[in-house]
$ cat final-v7.tsv   # TSV, C-alpha atoms
chain	number	residue	atom	x	y	z
A	27	MET	CA	-92.69	161.58	131.72
A	28	PRO	CA	-94.95	163.77	133.90
A	29	ILE	CA	-96.31	162.11	137.03
A	30	ALA	CA	-100.07	162.41	137.34
A	31	GLY	CA	-101.06	164.65	140.23
A	32	PHE	CA	-97.47	165.71	140.95
A	33	ASP	CA	-96.90	169.42	140.27
A	34	TYR	CA	-93.26	169.60	141.30
A	35	LYS	CA	-93.04	173.36	140.82
A	36	ALA	CA	-95.94	174.05	143.17
A	37	PHE	CA	-94.74	171.39	145.62
A	38	ALA	CA	-91.27	172.95	145.79
A	39	VAL	CA	-92.81	176.33	146.55
A	40	ASP	CA	-95.08	174.78	149.18
A	41	LEU	CA	-92.16	173.10	150.96
A	42	ALA	CA	-90.19	176.36	150.84
A	43	ASN	CA	-93.17	178.20	152.34
A	44	GLN	CA	-93.37	175.61	155.12
A	45	ALA	CA	-89.69	176.19	155.85
A	46	MET	CA	-90.34	179.94	155.94
A	47	GLU	CA	-93.19	179.54	158.42
A	48	ILE	CA	-91.04	177.39	160.71
A	49	LEU	CA	-88.22	179.93	160.59
A	50	LYS	CA	-90.64	182.75	161.46
A	51	GLN	CA	-91.97	181.04	164.56
A	52	LYS	CA	-90.60	182.13	167.91
A	53	GLY	CA	-89.62	179.46	170.37
A	54	THR	CA	-89.79	176.55	167.94
A	55	ASN	CA	-87.44	173.66	168.70
A	56	ALA	CA	-86.80	173.15	164.98
A	57	VAL	CA	-84.79	176.35	164.68
A	58	PRO	CA	-81.75	177.34	166.76
A	59	GLU	CA	-81.28	180.84	168.09
A	60	GLY	CA	-78.92	183.16	166.26
A	61	LEU	CA	-79.96	182.67	162.64
A	62	THR	CA	-79.93	185.98	160.77
A	63	ASP	CA	-82.56	187.14	158.28
A	64	VAL	CA	-80.04	186.44	155.51
A	65	ASP	CA	-79.55	182.90	156.84
A	66	LYS	CA	-83.30	182.30	156.89
A	67	LYS	CA	-83.77	183.66	153.37
A	68	THR	CA	-80.95	181.43	152.12
A	69	ILE	CA	-82.47	178.37	153.79
A	70	VAL	CA	-85.88	178.97	152.24
A	71	GLU	CA	-84.49	179.55	148.76
A	72	THR	CA	-82.17	176.54	148.96
A	73	VAL	CA	-85.02	174.26	150.04
A	74	ARG	CA	-87.12	175.52	147.12
A	75	LYS	CA	-84.30	175.07	144.61
A	76	PHE	CA	-83.33	171.56	145.69
A	77	CYS	CA	-86.96	170.38	145.86
A	78	TYR	CA	-87.59	171.85	142.42
A	79	MET	CA	-84.60	169.99	140.97
A	80	SER	CA	-85.66	166.75	142.64
A	81	GLY	CA	-89.22	167.00	141.39
A	82	GLU	CA	-88.11	167.93	137.92
A	83	ALA	CA	-85.70	164.97	137.74
A	84	LEU	CA	-88.42	162.55	138.86
A	85	SER	CA	-90.92	163.94	136.37
A	86	ASN	CA	-88.51	163.84	133.44
A	87	ASP	CA	-87.11	160.34	134.01
A	88	PRO	CA	-88.89	157.97	131.56
A	89	GLN	CA	-87.77	154.91	133.50
A	90	ILE	CA	-89.45	155.91	136.76
A	91	LYS	CA	-93.00	154.71	137.31
A	92	PHE	CA	-93.69	156.57	140.52
A	93	ASN	CA	-97.08	157.84	141.57
A	94	ALA	CA	-97.57	161.32	143.03
A	95	GLU	CA	-97.30	160.13	146.63
A	96	GLN	CA	-93.95	158.44	146.01
A	97	ALA	CA	-92.59	161.45	144.12
A	98	CYS	CA	-93.67	163.74	146.96
A	99	LEU	CA	-91.97	161.48	149.49
A	100	VAL	CA	-88.59	161.62	147.72
A	101	THR	CA	-88.84	165.38	147.26
A	102	GLN	CA	-89.87	165.92	150.87
A	103	PHE	CA	-86.91	163.90	152.12
A	104	ILE	CA	-84.61	166.21	150.20
A	105	GLY	CA	-86.41	169.33	151.44
A	106	GLU	CA	-86.28	168.31	155.10
A	107	TRP	CA	-82.65	167.23	155.05
A	108	THR	CA	-81.61	170.32	153.10
A	109	PHE	CA	-83.30	172.43	155.80
A	110	HIS	CA	-81.55	170.71	158.69
A	111	LYS	CA	-78.10	170.27	157.14
A	112	LEU	CA	-77.93	173.86	155.90
A	113	ILE	CA	-78.63	174.99	159.46
A	114	ASP	CA	-75.81	172.69	160.60
A	115	LEU	CA	-73.45	174.21	158.04
A	116	ILE	CA	-74.39	177.73	159.14
A	117	LYS	CA	-74.02	176.92	162.85
A	118	SER	CA	-70.64	175.30	162.18
A	119	SER	CA	-69.44	178.38	160.25
A	120	ILE	CA	-68.59	176.35	157.14
A	121	PRO	CA	-67.52	178.81	154.40
A	122	VAL	CA	-70.49	179.89	152.28
A	123	LYS	CA	-68.91	178.72	149.03
A	124	ASN	CA	-68.55	175.17	150.39
A	125	ARG	CA	-72.09	174.77	151.68
A	126	GLU	CA	-74.01	174.14	148.47
A	127	PRO	CA	-71.61	171.48	147.13
A	128	ILE	CA	-72.07	169.56	150.39
A	129	LEU	CA	-75.85	169.90	150.15
A	130	GLN	CA	-75.76	168.77	146.53
A	131	ALA	CA	-73.86	165.62	147.48
A	132	ILE	CA	-76.38	164.89	150.23
A	133	ALA	CA	-79.40	165.57	148.00
A	134	ALA	CA	-78.05	163.38	145.20
A	135	ASN	CA	-77.50	160.52	147.62
A	136	ILE	CA	-80.98	160.89	149.12
A	137	PHE	CA	-82.49	160.96	145.63
A	138	ASN	CA	-80.79	157.75	144.50
A	139	THR	CA	-81.25	155.94	147.82
A	140	ALA	CA	-84.93	156.79	148.11
A	141	LYS	CA	-85.61	156.02	144.47
A	142	LEU	CA	-84.10	152.53	144.66
A	143	ALA	CA	-85.67	151.80	148.04
A	144	ILE	CA	-89.15	152.70	146.77
A	145	ILE	CA	-88.66	150.55	143.68
A	146	LYS	CA	-87.68	147.66	145.97
A	147	LYS	CA	-90.75	148.42	148.14
A	148	MET	CA	-88.74	148.98	151.30
A	149	PRO	CA	-90.92	149.81	154.34
A	150	GLN	CA	-91.02	153.55	155.00
A	151	ASP	CA	-89.60	153.29	158.53
A	152	ALA	CA	-86.61	151.36	157.20
A	153	LEU	CA	-86.22	153.90	154.39
A	154	ILE	CA	-86.18	156.81	156.85
A	155	SER	CA	-83.46	155.12	158.91
A	156	LEU	CA	-81.43	154.26	155.82
A	157	ILE	CA	-81.53	157.82	154.53
A	158	GLU	CA	-80.48	159.17	157.93
A	159	GLU	CA	-77.45	156.85	157.92
A	160	LYS	CA	-76.57	157.85	154.36
A	161	VAL	CA	-76.86	161.57	155.13
A	162	LYS	CA	-74.62	161.21	158.18
A	163	LYS	CA	-71.97	159.36	156.14
A	164	ILE	CA	-72.02	161.77	153.18
A	165	TYR	CA	-71.92	164.79	155.49
A	166	ASN	CA	-68.92	163.33	157.31
A	167	ASP	CA	-67.15	162.46	154.03
A	168	GLU	CA	-67.68	165.95	152.61
A	169	LEU	CA	-66.37	167.60	155.76
A	170	GLN	CA	-63.32	165.33	155.68
A	171	LYS	CA	-62.61	166.59	152.16
A	172	LEU	CA	-62.55	170.15	153.49
A	173	VAL	CA	-60.06	169.10	156.17
A	174	LYS	CA	-57.78	167.51	153.54
A	175	GLN	CA	-58.02	170.70	151.47
A	176	GLY	CA	-56.99	172.79	154.47
A	177	ILE	CA	-60.33	174.60	154.54
A	178	LEU	CA	-61.35	173.13	157.91
A	179	SER	CA	-59.14	172.52	160.92
A	180	PRO	CA	-59.53	169.22	162.80
A	181	GLN	CA	-61.19	171.19	165.61
A	182	ASP	CA	-63.67	172.82	163.22
A	183	TYR	CA	-64.36	169.41	161.71
A	184	GLU	CA	-65.19	167.93	165.12
A	185	LYS	CA	-67.57	170.78	165.83
A	186	ALA	CA	-69.27	170.47	162.45
A	187	VAL	CA	-69.59	166.68	162.37
A	188	ASN	CA	-71.15	166.69	165.85
A	189	THR	CA	-73.63	169.43	165.02
A	190	SER	CA	-77.10	168.14	164.21
A	191	ASN	CA	-80.12	170.40	164.16
A	192	LEU	CA	-82.37	167.37	163.67
A	193	ASN	CA	-81.00	165.62	166.77
A	194	ASP	CA	-81.22	168.84	168.75
A	195	MET	CA	-84.84	169.26	167.70
A	196	VAL	CA	-85.75	165.70	168.75
A	197	GLN	CA	-83.96	166.06	172.10
A	198	LYS	CA	-85.50	169.46	172.81
A	199	ASN	CA	-88.97	168.11	172.00
A	200	GLN	CA	-88.41	165.25	174.45
A	201	GLU	CA	-87.13	167.60	177.15
A	202	GLU	CA	-90.03	169.98	176.60
A	203	ALA	CA	-92.54	167.14	176.80
A	204	ALA	CA	-91.01	166.04	180.12
A	205	LEU	CA	-91.08	169.64	181.36
A	206	ASN	CA	-94.73	170.07	180.42
A	207	GLN	CA	-95.64	166.79	182.07
A	208	VAL	CA	-93.94	167.83	185.30
A	209	GLN	CA	-95.83	171.13	185.42
A	210	GLN	CA	-99.12	169.35	184.77
A	211	ASN	CA	-98.57	166.98	187.68
A	212	ASN	CA	-100.53	167.91	190.77
A	213	ASP	CA	-97.75	166.63	193.02
A	214	SER	CA	-94.61	168.53	192.03
A	215	SER	CA	-92.79	167.34	195.15
A	216	GLN	CA	-91.74	164.10	193.49
A	217	VAL	CA	-87.96	163.79	193.27
A	218	ASN	CA	-87.82	163.38	189.48
A	219	ASP	CA	-90.19	166.31	188.90
A	220	LYS	CA	-88.18	168.60	191.14
A	221	LYS	CA	-84.98	167.58	189.40
A	222	VAL	CA	-86.37	168.37	185.94
A	223	LEU	CA	-87.39	171.84	187.10
A	224	LYS	CA	-84.04	172.46	188.76
A	225	LEU	CA	-82.09	171.51	185.65
A	226	ALA	CA	-84.28	173.62	183.38
A	227	SER	CA	-84.03	176.60	185.74
A	228	LEU	CA	-80.25	176.20	185.93
A	229	ALA	CA	-80.14	176.23	182.13
A	230	ILE	CA	-81.87	179.64	182.15
A	231	ILE	CA	-79.00	181.03	184.21
A	232	LEU	CA	-76.28	179.35	182.18
A	233	LYS	CA	-77.61	180.74	178.90
A	234	ARG	CA	-76.59	184.19	180.14
A	235	LEU	CA	-73.09	183.32	181.37
A	236	PRO	CA	-69.66	183.19	179.68
A	237	GLU	CA	-68.52	179.78	178.45
A	238	ASP	CA	-65.84	179.39	181.12
A	239	LYS	CA	-68.37	179.94	183.90
A	240	VAL	CA	-70.81	177.54	182.25
A	241	ALA	CA	-68.11	174.87	182.12
A	242	GLN	CA	-67.24	175.51	185.77
A	243	ILE	CA	-70.82	175.05	186.93
A	244	LEU	CA	-71.50	172.02	184.71
A	245	SER	CA	-68.40	170.34	186.10
A	246	VAL	CA	-70.12	169.85	189.47
A	247	LEU	CA	-73.11	168.05	187.94
A	248	ASP	CA	-73.67	164.39	187.19
A	249	LYS	CA	-72.79	163.51	183.59
A	250	ASN	CA	-76.37	162.51	182.79
A	251	ASP	CA	-77.67	165.79	184.19
A	252	ILE	CA	-75.23	167.77	182.06
A	253	VAL	CA	-76.83	166.39	178.88
A	254	HIS	CA	-80.28	167.54	180.02
A	255	VAL	CA	-79.04	171.01	180.99
A	256	GLN	CA	-77.30	171.45	177.64
A	257	ASN	CA	-80.48	170.44	175.82
A	258	TYR	CA	-82.49	172.96	177.82
A	259	MET	CA	-79.91	175.63	177.02
A	260	LYS	CA	-80.51	175.03	173.31
A	261	MET	CA	-84.28	175.41	173.75
A	262	SER	CA	-85.66	178.70	172.42
A	263	ASN	CA	-87.64	180.88	174.87
A	264	LEU	CA	-87.12	178.41	177.70
A	265	GLU	CA	-88.14	181.10	180.20
A	266	ASP	CA	-91.62	181.23	178.65
A	267	LYS	CA	-92.10	177.47	178.97
A	268	ILE	CA	-91.89	177.38	182.78
A	269	ASP	CA	-94.04	179.15	185.36
A	270	HIS	CA	-91.98	182.05	186.69
A	271	ASN	CA	-92.72	181.19	190.31
A	272	VAL	CA	-91.46	177.66	189.69
A	273	ILE	CA	-88.23	179.04	188.22
A	274	ILE	CA	-87.51	181.19	191.26
A	275	LYS	CA	-88.27	178.36	193.66
A	276	ALA	CA	-86.00	176.00	191.76
A	277	LEU	CA	-83.21	178.57	191.57
A	278	GLU	CA	-83.32	179.06	195.31
A	279	GLU	CA	-82.83	175.31	195.75
A	280	ILE	CA	-79.85	175.04	193.39
A	281	LYS	CA	-77.86	177.91	194.89
A	282	LYS	CA	-75.76	175.43	196.86
A	283	ILE	CA	-74.35	173.70	193.77
A	284	ILE	CA	-73.25	176.91	192.05
A	285	PRO	CA	-69.58	177.77	192.64
A	286	PRO	CA	-68.93	181.12	194.36
A	287	SER	CA	-68.45	183.93	191.91
A	288	ASP	CA	-65.25	185.89	191.79
A	289	THR	CA	-66.27	187.96	188.77
A	290	ILE	CA	-69.87	189.03	189.29
A	291	ASN	CA	-70.00	192.45	190.95
A	292	VAL	CA	-73.17	192.19	193.01
A	293	GLY	CA	-72.93	195.77	194.22
A	294	ARG	CA	-72.73	197.11	190.71
A	295	ILE	CA	-75.61	194.93	189.52
A	296	LEU	CA	-77.83	196.17	192.33
A	297	GLN	CA	-76.76	199.80	191.89
A	298	LYS	CA	-77.65	199.72	188.19
A	299	HIS	CA	-80.89	197.88	188.90
A	300	TYR	CA	-82.03	200.36	191.55
A	301	LYS	CA	-81.14	203.26	189.27
A	302	TYR	CA	-83.16	201.63	186.50
A	303	LYS	CA	-86.18	201.15	188.78
A	304	LYS	CA	-86.21	204.84	189.74
A	305	LEU	CA	-87.36	205.58	186.18
A	306	VAL	CA	-90.16	203.00	186.32
A	307	PRO	CA	-93.66	204.06	187.53
A	308	ILE	CA	-94.76	202.31	190.71
A	309	GLU	CA	-97.80	200.82	188.98
A	310	VAL	CA	-95.53	199.11	186.46
A	311	LEU	CA	-93.35	197.73	189.25
A	312	SER	CA	-96.44	196.52	191.08
A	313	LYS	CA	-97.65	194.77	187.95
A	314	ALA	CA	-94.26	193.10	187.49
A	315	ALA	CA	-94.28	191.99	191.12
A	316	CYS	CA	-97.79	190.58	190.90
A	317	ASN	CA	-97.91	186.78	191.26
A	318	GLU	CA	-94.23	186.58	192.20
A	319	ARG	CA	-92.91	184.73	195.24
A	320	GLU	CA	-92.68	186.86	198.39
A	321	SER	CA	-88.90	187.28	198.26
A	322	VAL	CA	-88.93	188.34	194.60
A	323	ARG	CA	-91.91	190.64	195.16
A	324	ASP	CA	-90.10	192.35	198.03
A	325	PHE	CA	-86.95	192.67	195.91
A	326	ILE	CA	-88.92	194.42	193.16
A	327	LEU	CA	-90.82	196.81	195.41
A	328	ASP	CA	-88.40	197.44	198.28
A	329	ASN	CA	-84.90	198.79	197.60
A	330	SER	CA	-83.92	197.99	201.19
A	331	PHE	CA	-84.60	194.28	200.70
A	332	PRO	CA	-81.39	192.25	201.49
A	333	ALA	CA	-81.02	190.87	197.95
A	334	ALA	CA	-77.29	190.11	198.24
A	335	GLU	CA	-77.90	187.94	201.30
A	336	THR	CA	-80.99	186.25	199.87
A	337	PHE	CA	-79.82	185.34	196.37
A	338	SER	CA	-76.51	183.95	195.10
A	339	PRO	CA	-74.60	186.18	192.61
A	340	TYR	CA	-75.56	184.06	189.57
A	341	VAL	CA	-79.20	183.82	190.64
A	342	LEU	CA	-79.30	187.55	191.34
A	343	GLN	CA	-77.80	188.38	187.96
A	344	SER	CA	-80.38	186.20	186.20
A	345	LEU	CA	-83.20	187.51	188.37
A	346	VAL	CA	-82.39	191.16	187.62
A	347	THR	CA	-82.34	190.42	183.89
A	348	SER	CA	-85.64	188.56	184.12
A	349	ILE	CA	-87.33	191.33	186.14
A	350	GLU	CA	-86.17	194.09	183.78
A	351	GLU	CA	-87.34	192.10	180.76
A	352	LYS	CA	-90.72	191.65	182.42
A	353	ILE	CA	-90.95	195.37	183.18
A	354	ASN	CA	-90.07	196.24	179.58
A	355	ASP	CA	-92.84	193.93	178.35
A	356	ASN	CA	-95.46	195.76	180.43
$ encode --input "final-v7.tsv" --output "structure tokens"
Amino acid sequence: MPIAGFDYKAFAVDLANQAMEILKQKGTNAVPEGLTDVDKKTIVETVRKFCYMSGEALSNDPQIKFNAEQACLVTQFIGEWTFHKLIDLIKSSIPVKNREPILQAIAANIFNTAKLAIIKKMPQDALISLIEEKVKKIYNDELQKLVKQGILSPQDYEKAVNTSNLNDMVQKNQEEAALNQVQQNNDSSQVNDKKVLKLASLAIILKRLPEDKVAQILSVLDKNDIVHVQNYMKMSNLEDKIDHNVIIKALEEIKKIIPPSDTINVGRILQKHYKYKKLVPIEVLSKAACNERESVRDFILDNSFPAAETFSPYVLQSLVTSIEEKINDN
């Protein structure tokens, strides 16, 4: 029986369009880096299809006496979890043919759980928590089936079961809020504020390094700090979220905790950088140097500046990349 005011076809399209807009945004914490255009198209179409099926099932069930708001709620649950869990499946490199069956199992469980909970008039906060628990269990069970079938190795299973785009999004939002608060504070000399900026700046460097070097550097940090750094590393466009002068200042202060490099060829980095700058007009270099700290400004404008003595190898490598990106943007 149709539900008054609930156009499930239009609602499915609307939710798919919302997913598309999120995927198009740059720097959003809801979407990890590395998704291809094909991935994004698949996510949008899958959200539309699953929401359509949910809405259709609700509308055609003669025993359900839902109003439009309740029907929308169930359908939206399915749309949101389909979005996040499909991203998890993609990030975990689960074979394409196995992804939709897992999503179907999750969607079916959400549908039945939400339907019964609404009938029993469960508070919405409790319903949200219940569905999250159910999704986690179903996802784990379905991945275990792939392990038993020899499709996933135990190592791949561990990676997949511990991948959560939703959790990453929540954590990145919290870290970003803390970062914004620190930068808004007039007194940035407070110990906690300085630490937040140091960890975020360190994450900018680590995002550009090989995994073995990342592990080496993280090993010297406190366990609690490692979690924050890893969250910052997952944050899209982190460099754009912090004042560039603050980044350089923080990097200068964390040089002491970075292990000496035995692989970064500082001479080669500088040679390539100076060769690159010869092709750049002086006015562009001046614009890139504008508003930078004195040491960075001198490094950009003066090829005789003692960069190797001033910056550590990792900081220098990151700094060169940052400067060249800034020049290319001008």
$ closest_residue --input "final-v7.tsv" --among "A:Lys224, A:Ile113, A:Gly176, A:Thr101" --to "Asn138 of chain A" --atoms "all atoms listed in the file"
A:Thr101
$ atom_distance --input "final-v7.tsv" --atom1 "atom CA of Tyr183 of chain A" --atom2 "atom CA of Glu159 of chain A"
18.5 Å
$ atom_distance --input "final-v7.tsv" --atom1 "atom CA of Val292 of chain A" --atom2 "atom CA of Leu225 of chain A"
23.7 Å
$ residues_around --input "final-v7.tsv" --residues "segment 233-237 of chain A" --least-positions-apart "3" --cutoff "6 Å" --atoms "only C-alpha atoms" --output "PDB file with C-alpha atoms, in the frame of the given file"
ATOM      1  CA  ILE A 230     -81.870 179.640 182.150  1.00  0.00           C
ATOM      2  CA  VAL A 240     -70.810 177.540 182.250  1.00  0.00           C
ATOM      3  CA  MET A 259     -79.910 175.630 177.020  1.00  0.00           C
TER       4      MET A 259
END
$ atom_distance --input "final-v7.tsv" --atom1 "atom CA of Leu264 of chain A" --atom2 "atom CA of Ser321 of chain A"
22.5 Å
$ residues_around --input "final-v7.tsv" --residues "segment 293-295 of chain A" --least-positions-apart "4" --cutoff "12 Å" --atoms "all atoms listed in the file" --output "compact mmCIF listing (two decimals) with C-alpha atoms, in the frame of the given file"
# COMPACT_ATOMS: atom_id res chain seq x y z
CA THR A 289 -66.27 187.96 188.77
CA HIS A 299 -80.89 197.88 188.90
CA TYR A 300 -82.03 200.36 191.55
CA LYS A 301 -81.14 203.26 189.27
CA TYR A 302 -83.16 201.63 186.50
CA PRO A 332 -81.39 192.25 201.49
CA ALA A 333 -81.02 190.87 197.95
CA ALA A 334 -77.29 190.11 198.24
CA GLU A 335 -77.90 187.94 201.30
CA PRO A 339 -74.60 186.18 192.61
CA TYR A 340 -75.56 184.06 189.57
CA VAL A 341 -79.20 183.82 190.64
CA LEU A 342 -79.30 187.55 191.34
CA GLN A 343 -77.80 188.38 187.96
CA SER A 344 -80.38 186.20 186.20
CA LEU A 345 -83.20 187.51 188.37
CA VAL A 346 -82.39 191.16 187.62
CA THR A 347 -82.34 190.42 183.89
$ closest_atom_pairs --input "final-v7.tsv" --of "segment 131-196 of chain A" --to "segment 38-56 of chain A" --cutoff "10 Å" --atoms "all atoms listed in the file" --output "CSV"
residue,atom,partner,partner_atom,distance
A:Asn191,CA,A:Ala56,CA,7.3
A:Leu192,CA,A:Ala56,CA,7.4
A:Asn193,CA,A:Ala56,CA,9.7
A:Asp194,CA,A:Asn55,CA,7.9
A:Met195,CA,A:Ala56,CA,5.1
A:Val196,CA,A:Asn55,CA,8.1
$ closest_residue --input "final-v7.tsv" --among "A:Met261, A:Ile120, A:Ile353, A:Leu169" --to "Leu305 of chain A" --atoms "all atoms listed in the file"
A:Ile353
$ closest_residue --input "final-v7.tsv" --among "A:Glu106, A:Asp251, A:Asp151, A:Asp182" --to "Ile69 of chain A" --atoms "all atoms listed in the file"
A:Glu106
$ closest_residue --input "final-v7.tsv" --among "A:Thr108, A:Ser338, A:Asn257, A:Thr68" --to "Val122 of chain A" --atoms "only C-alpha atoms"
A:Thr68
$ closest_residue --input "final-v7.tsv" --among "A:Ile136, A:Ser85, A:Glu201, A:Pro121" --to "Leu178 of chain A" --atoms "all atoms listed in the file"
A:Pro121
$ decode --input "final-v7.tsv" --residues "segment 292-300 of chain A" --atoms "all heavy atoms" --output "short mmCIF file (atom, residue, chain, number, x, y, z; two decimals), in the first residue's frame"
data_model
loop_
_atom_site.label_atom_id
_atom_site.label_comp_id
_atom_site.auth_asym_id
_atom_site.auth_seq_id
_atom_site.Cartn_x
_atom_site.Cartn_y
_atom_site.Cartn_z
N VAL A 292 69.67 14.49 0.05
CA VAL A 292 69.43 15.92 0.16
C VAL A 292 70.04 16.68 -1.00
O VAL A 292 69.43 17.59 -1.57
CB VAL A 292 69.98 16.47 1.50
CG1 VAL A 292 69.91 17.98 1.53
CG2 VAL A 292 69.20 15.88 2.67
N GLY A 293 71.25 16.28 -1.38
CA GLY A 293 71.91 16.96 -2.50
C GLY A 293 71.12 16.88 -3.78
O GLY A 293 70.98 17.87 -4.51
N ARG A 294 70.58 15.71 -4.04
CA ARG A 294 69.80 15.54 -5.26
C ARG A 294 68.50 16.33 -5.22
O ARG A 294 68.08 16.92 -6.21
CB ARG A 294 69.51 14.05 -5.48
CG ARG A 294 68.73 13.75 -6.76
CD ARG A 294 68.57 12.26 -6.99
NE ARG A 294 69.88 11.63 -7.16
CZ ARG A 294 70.05 10.32 -7.31
NH1 ARG A 294 68.99 9.50 -7.26
NH2 ARG A 294 71.27 9.81 -7.47
N ILE A 295 67.86 16.33 -4.04
CA ILE A 295 66.61 17.09 -3.89
C ILE A 295 66.86 18.57 -4.17
O ILE A 295 66.11 19.21 -4.92
CB ILE A 295 66.04 16.91 -2.47
CG1 ILE A 295 65.50 15.50 -2.29
CG2 ILE A 295 64.93 17.93 -2.19
CD1 ILE A 295 65.02 15.20 -0.88
N LEU A 296 67.93 19.10 -3.58
CA LEU A 296 68.23 20.52 -3.77
C LEU A 296 68.64 20.82 -5.21
O LEU A 296 68.24 21.84 -5.78
CB LEU A 296 69.35 20.95 -2.82
CG LEU A 296 68.97 20.99 -1.33
CD1 LEU A 296 70.19 21.29 -0.48
CD2 LEU A 296 67.88 22.02 -1.08
N GLN A 297 69.41 19.92 -5.81
CA GLN A 297 69.84 20.12 -7.20
C GLN A 297 68.63 20.20 -8.14
O GLN A 297 68.54 21.09 -9.00
CB GLN A 297 70.76 18.97 -7.62
CG GLN A 297 71.34 19.14 -9.03
CD GLN A 297 72.25 17.98 -9.40
OE1 GLN A 297 72.11 16.87 -8.88
NE2 GLN A 297 73.20 18.23 -10.28
N LYS A 298 67.70 19.26 -7.96
CA LYS A 298 66.49 19.27 -8.79
C LYS A 298 65.64 20.49 -8.51
O LYS A 298 65.06 21.08 -9.43
CB LYS A 298 65.68 17.99 -8.54
CG LYS A 298 66.31 16.73 -9.09
CD LYS A 298 65.47 15.51 -8.77
CE LYS A 298 64.12 15.56 -9.43
NZ LYS A 298 63.31 14.35 -9.17
N HIS A 299 65.57 20.89 -7.25
CA HIS A 299 64.75 22.04 -6.87
C HIS A 299 65.32 23.33 -7.47
O HIS A 299 64.59 24.16 -8.01
CB HIS A 299 64.68 22.15 -5.35
CG HIS A 299 63.85 23.29 -4.87
ND1 HIS A 299 62.50 23.40 -5.14
CD2 HIS A 299 64.18 24.39 -4.12
CE1 HIS A 299 62.02 24.51 -4.59
NE2 HIS A 299 63.03 25.12 -3.97
N TYR A 300 66.64 23.50 -7.38
CA TYR A 300 67.26 24.71 -7.93
C TYR A 300 67.12 24.75 -9.46
O TYR A 300 66.91 25.81 -10.05
CB TYR A 300 68.74 24.77 -7.54
CG TYR A 300 68.97 24.97 -6.06
CD1 TYR A 300 70.05 24.36 -5.41
CD2 TYR A 300 68.10 25.75 -5.30
CE1 TYR A 300 70.26 24.53 -4.04
CE2 TYR A 300 68.31 25.94 -3.93
CZ TYR A 300 69.37 25.32 -3.31
OH TYR A 300 69.58 25.49 -1.97
#
